[in-house]
Amino acid sequence: MPHYINEKCVGCVLCVCYCPVDAISGKKRQLHIINPAICIDCGVCGKVCAFKAVVDAKNQLVLREKPAEWVRPIFDYSICVACNLCNMICPPGVIGAQSPQRQKRKDILPFLENSECCIGCSYCAEICPTEAITMQNPIKVTT
């Protein structure tokens with residue numbers, strides 16, 4: 001069962017802007033709905049909602065998080081087999097492929113091409129056959 005939007009929705013449309021599969025519809029300043037046939041259960045709609053209007057499949061409120069604090073994929077190239085399944089499954093399409101700088105390896109390796117657009121869904125880590133991808137919070141710099 002996918003996420004759904006409750007009556008607390010004010011129609012701000014932020015969830016619509018972030019949804020990587022266009023599963024959310026509704027008019028500005030009106031209750032929005034999530035199409036369960038399209039929703040991939042990534043939860044980004046809830047992570048951007050300031051009105052506590054998104055509930056997950058377990059009927060739990062999805063808490064808001066700042067995008068800068070969302071987990072991001074970290075690649076361990078020592079065990080990566082360059083299958084690029086992560087690249088193919090990434091809903092927002094932010095995982096790219098590049099030739100490694102190491103001359104001994106000829107594989108095309110995945111990398112996080114656009115960190116700002118990563119929604120932290122963890123699909124890449126879940127599909128990785130060698131567990132070469134882990135999801136980690138960005139390093140916070142303190143002064």
# chains A, B, ... in the order shown; residues from 1 in each chain; ligands from 1
call {"tool": "residues_around", "arguments": {"residues": "A:Lys66", "least_positions_apart": "3", "cutoff": "12 Å", "atoms": "only C-alpha atoms", "output": "PDB file with C-alpha atoms, in the first residue's frame"}}
result
ATOM      1  CA  VAL A  44       9.634  12.062  -0.509  1.00  0.00           C
ATOM      2  CA  GLY A  46       6.094  13.264   3.364  1.00  0.00           C
ATOM      3  CA  LYS A  47       9.666  14.436   3.803  1.00  0.00           C
ATOM      4  CA  VAL A  48       8.782  17.786   2.176  1.00  0.00           C
ATOM      5  CA  CYS A  49       5.339  18.245   3.758  1.00  0.00           C
ATOM      6  CA  ALA A  50       5.233  21.014   6.374  1.00  0.00           C
ATOM      7  CA  LEU A  63       8.051  13.393   9.303  1.00  0.00           C
ATOM      8  CA  GLU A  69      19.783  16.023   5.602  1.00  0.00           C
ATOM      9  CA  TRP A  70      18.367  13.244   3.404  1.00  0.00           C
ATOM     10  CA  VAL A  71      20.523  10.147   3.117  1.00  0.00           C
ATOM     11  CA  GLU A 116      20.812  18.004  -4.711  1.00  0.00           C
ATOM     12  CA  ILE A 119      15.474  11.995  -2.763  1.00  0.00           C
ATOM     13  CA  GLY A 120      17.130   9.438  -0.487  1.00  0.00           C
ATOM     14  CA  ASN A 137      23.558  11.198   6.004  1.00  0.00           C
ATOM     15  CA  PRO A 138      25.598  14.023   4.514  1.00  0.00           C
TER      16      PRO A 138
END
call {"tool": "select_by_dssp", "arguments": {"residues": "chain A", "states": "alpha helix (DSSP H)", "output": "list in words"}}
result
Leu14, Cys15, Val16, Cys17, Tyr18, Val44, Cys45, Gly46, Lys47, Val48, Leu85, Cys86, Asn87, Met88, Ile89, Tyr123, Cys124, Ala125, Glu126 and Ile127 of chain A
call {"tool": "residues_around", "arguments": {"residues": "A:Cys17", "least_positions_apart": "5", "cutoff": "12 Å", "atoms": "only C-alpha atoms", "output": "PDB file with N, CA and C atoms, in the first residue's frame"}}
result
ATOM      1  N   GLY A  11      -2.782  21.998   0.106  1.00  0.00           N
ATOM      2  CA  GLY A  11      -2.621  22.216  -1.325  1.00  0.00           C
ATOM      3  C   GLY A  11      -1.461  23.110  -1.685  1.00  0.00           C
ATOM      4  N   CYS A  12      -0.361  22.992  -0.945  1.00  0.00           N
ATOM      5  CA  CYS A  12       0.805  23.848  -1.219  1.00  0.00           C
ATOM      6  C   CYS A  12       1.561  23.432  -2.484  1.00  0.00           C
ATOM      7  N   ASP A  22       5.373  11.506 -10.666  1.00  0.00           N
ATOM      8  CA  ASP A  22       4.130  12.250 -10.926  1.00  0.00           C
ATOM      9  C   ASP A  22       2.884  11.506 -10.439  1.00  0.00           C
ATOM     10  N   ALA A  23       2.983  10.940  -9.227  1.00  0.00           N
ATOM     11  CA  ALA A  23       1.855  10.180  -8.661  1.00  0.00           C
ATOM     12  C   ALA A  23       0.875  11.060  -7.890  1.00  0.00           C
ATOM     13  N   ILE A  24       1.207  12.327  -7.690  1.00  0.00           N
ATOM     14  CA  ILE A  24       0.380  13.210  -6.866  1.00  0.00           C
ATOM     15  C   ILE A  24      -0.324  14.234  -7.755  1.00  0.00           C
ATOM     16  N   SER A  25      -1.611  14.431  -7.474  1.00  0.00           N
ATOM     17  CA  SER A  25      -2.376  15.414  -8.243  1.00  0.00           C
ATOM     18  C   SER A  25      -3.269  16.219  -7.313  1.00  0.00           C
ATOM     19  N   GLY A  26      -3.678  17.346  -7.794  1.00  0.00           N
ATOM     20  CA  GLY A  26      -4.548  18.232  -7.030  1.00  0.00           C
ATOM     21  C   GLY A  26      -4.313  19.674  -7.423  1.00  0.00           C
ATOM     22  N   LYS A  28      -3.939  23.765  -6.549  1.00  0.00           N
ATOM     23  CA  LYS A  28      -3.353  24.605  -5.507  1.00  0.00           C
ATOM     24  C   LYS A  28      -4.437  25.004  -4.501  1.00  0.00           C
ATOM     25  N   VAL A  44       9.158  10.688  -0.387  1.00  0.00           N
ATOM     26  CA  VAL A  44       9.634  12.062  -0.509  1.00  0.00           C
ATOM     27  C   VAL A  44       8.502  13.068  -0.294  1.00  0.00           C
ATOM     28  N   CYS A  45       7.280  12.690  -0.618  1.00  0.00           N
ATOM     29  CA  CYS A  45       6.140  13.586  -0.414  1.00  0.00           C
ATOM     30  C   CYS A  45       5.997  13.970   1.062  1.00  0.00           C
ATOM     31  N   VAL A  48       8.852  16.361   2.509  1.00  0.00           N
ATOM     32  CA  VAL A  48       8.782  17.786   2.176  1.00  0.00           C
ATOM     33  C   VAL A  48       7.535  18.463   2.727  1.00  0.00           C
ATOM     34  N   CYS A  49       6.610  17.686   3.299  1.00  0.00           N
ATOM     35  CA  CYS A  49       5.339  18.245   3.758  1.00  0.00           C
ATOM     36  C   CYS A  49       5.473  18.938   5.109  1.00  0.00           C
ATOM     37  N   PRO A  92      14.584   9.526  -9.560  1.00  0.00           N
ATOM     38  CA  PRO A  92      14.824  10.861 -10.115  1.00  0.00           C
ATOM     39  C   PRO A  92      15.954  10.911 -11.138  1.00  0.00           C
ATOM     40  N   CYS A 117      19.386  16.644  -6.140  1.00  0.00           N
ATOM     41  CA  CYS A 117      18.108  16.091  -6.585  1.00  0.00           C
ATOM     42  C   CYS A 117      17.859  14.674  -6.083  1.00  0.00           C
ATOM     43  N   ILE A 119      16.568  11.960  -3.733  1.00  0.00           N
ATOM     44  CA  ILE A 119      15.474  11.995  -2.763  1.00  0.00           C
ATOM     45  C   ILE A 119      15.691  11.034  -1.592  1.00  0.00           C
TER      46      ILE A 119
END
call {"tool": "residues_around", "arguments": {"residues": "A:Ile89", "least_positions_apart": "2", "cutoff": "8 Å", "atoms": "only C-alpha atoms", "output": "tab-separated table (two decimals) with N, CA and C atoms, in the first residue's frame"}}
result
chain	number	residue	atom	x	y	z
A	85	LEU	N	22.69	-1.39	-12.18
A	85	LEU	CA	21.28	-1.52	-11.84
A	85	LEU	C	20.82	-0.29	-11.06
A	86	CYS	N	21.71	0.25	-10.23
A	86	CYS	CA	21.37	1.44	-9.44
A	86	CYS	C	21.03	2.61	-10.36
A	87	ASN	N	21.77	2.74	-11.42
A	87	ASN	CA	21.53	3.80	-12.39
A	87	ASN	C	20.17	3.63	-13.06
A	91	PRO	N	14.71	6.56	-9.29
A	91	PRO	CA	13.51	7.29	-9.74
A	91	PRO	C	13.78	8.71	-10.26
A	93	GLY	N	16.61	9.78	-11.39
A	93	GLY	CA	17.66	9.73	-12.40
A	93	GLY	C	18.92	10.49	-12.05
A	123	TYR	N	16.51	3.07	-3.12
A	123	TYR	CA	16.28	2.03	-4.12
A	123	TYR	C	17.59	1.49	-4.68
A	124	CYS	N	18.56	2.38	-4.85
A	124	CYS	CA	19.85	1.97	-5.40
A	124	CYS	C	20.54	0.97	-4.48
A	127	ILE	N	18.77	-2.54	-4.53
A	127	ILE	CA	18.92	-3.38	-5.72
A	127	ILE	C	20.35	-3.86	-5.94
call {"tool": "select_by_dssp", "arguments": {"residues": "stretch 5-140 of chain A", "states": "strand (DSSP E or B)", "output": "list in words"}}
result
Ile5, Ile24, Ser25, Ile33, Ile34, Val54, Val55, Leu61, Arg72, Pro73, Ile74, Phe75, Ile95, Gly96, Ala97, Gln98, Leu109, Pro110, Phe111, Leu112, Ile133, Thr134, Met135 and Gln136 of chain A
call {"tool": "write_last_selection", "arguments": {"atoms": "C-alpha atoms", "output": "PDB file, in the first residue's frame"}}
result
ATOM      1  CA  ILE A   5      -2.391  12.368   1.915  1.00  0.00           C
ATOM      2  CA  ILE A  24       0.380  13.210  -6.866  1.00  0.00           C
ATOM      3  CA  SER A  25      -2.376  15.414  -8.243  1.00  0.00           C
ATOM      4  CA  ILE A  33      -4.255  12.760  -3.709  1.00  0.00           C
ATOM      5  CA  ILE A  34      -1.673  10.095  -4.435  1.00  0.00           C
ATOM      6  CA  VAL A  54       1.370  12.425   4.500  1.00  0.00           C
ATOM      7  CA  VAL A  55       0.987   8.972   6.027  1.00  0.00           C
ATOM      8  CA  LEU A  61       2.990  10.052   9.806  1.00  0.00           C
ATOM      9  CA  ARG A  72      22.609   9.802  -0.020  1.00  0.00           C
ATOM     10  CA  PRO A  73      24.266   6.784  -1.659  1.00  0.00           C
ATOM     11  CA  ILE A  74      27.934   6.072  -1.009  1.00  0.00           C
ATOM     12  CA  PHE A  75      29.599   3.695  -3.463  1.00  0.00           C
ATOM     13  CA  ILE A  95      22.929   8.290 -10.589  1.00  0.00           C
ATOM     14  CA  GLY A  96      25.249   8.601 -13.527  1.00  0.00           C
ATOM     15  CA  ALA A  97      27.941   6.341 -14.976  1.00  0.00           C
ATOM     16  CA  GLN A  98      31.567   7.209 -15.533  1.00  0.00           C
ATOM     17  CA  LEU A 109      31.031   2.825 -12.569  1.00  0.00           C
ATOM     18  CA  PRO A 110      27.962   4.478 -11.048  1.00  0.00           C
ATOM     19  CA  PHE A 111      28.226   7.735  -9.123  1.00  0.00           C
ATOM     20  CA  LEU A 112      25.908  10.303  -7.595  1.00  0.00           C
ATOM     21  CA  ILE A 133      25.967   1.015  -1.927  1.00  0.00           C
ATOM     22  CA  THR A 134      25.203   2.284   1.545  1.00  0.00           C
ATOM     23  CA  MET A 135      22.950   5.181   2.417  1.00  0.00           C
ATOM     24  CA  GLN A 136      24.481   7.800   4.691  1.00  0.00           C
TER      25      GLN A 136
END
call {"tool": "closest_residue", "arguments": {"among": "A:Ala37, A:Cys42, A:Met88, A:Ala53", "to": "A:Leu14", "atoms": "only C-alpha atoms"}}
result
A:Ala53
call {"tool": "closest_residue", "arguments": {"among": "A:Cys39, A:Ala68, A:Ala82, A:Val62", "to": "A:Val16", "atoms": "only C-alpha atoms"}}
result
A:Cys39
call {"tool": "residues_around", "arguments": {"residues": "A:Ile40", "least_positions_apart": "2", "cutoff": "8 Å", "atoms": "only C-alpha atoms", "output": "VMD selection string"}}
result
chain A and resid 2 21 38 42
call {"tool": "atom_distance", "arguments": {"atom1": "atom CA of A:His3", "atom2": "atom CA of A:Gln60"}}
result
9.4 Å
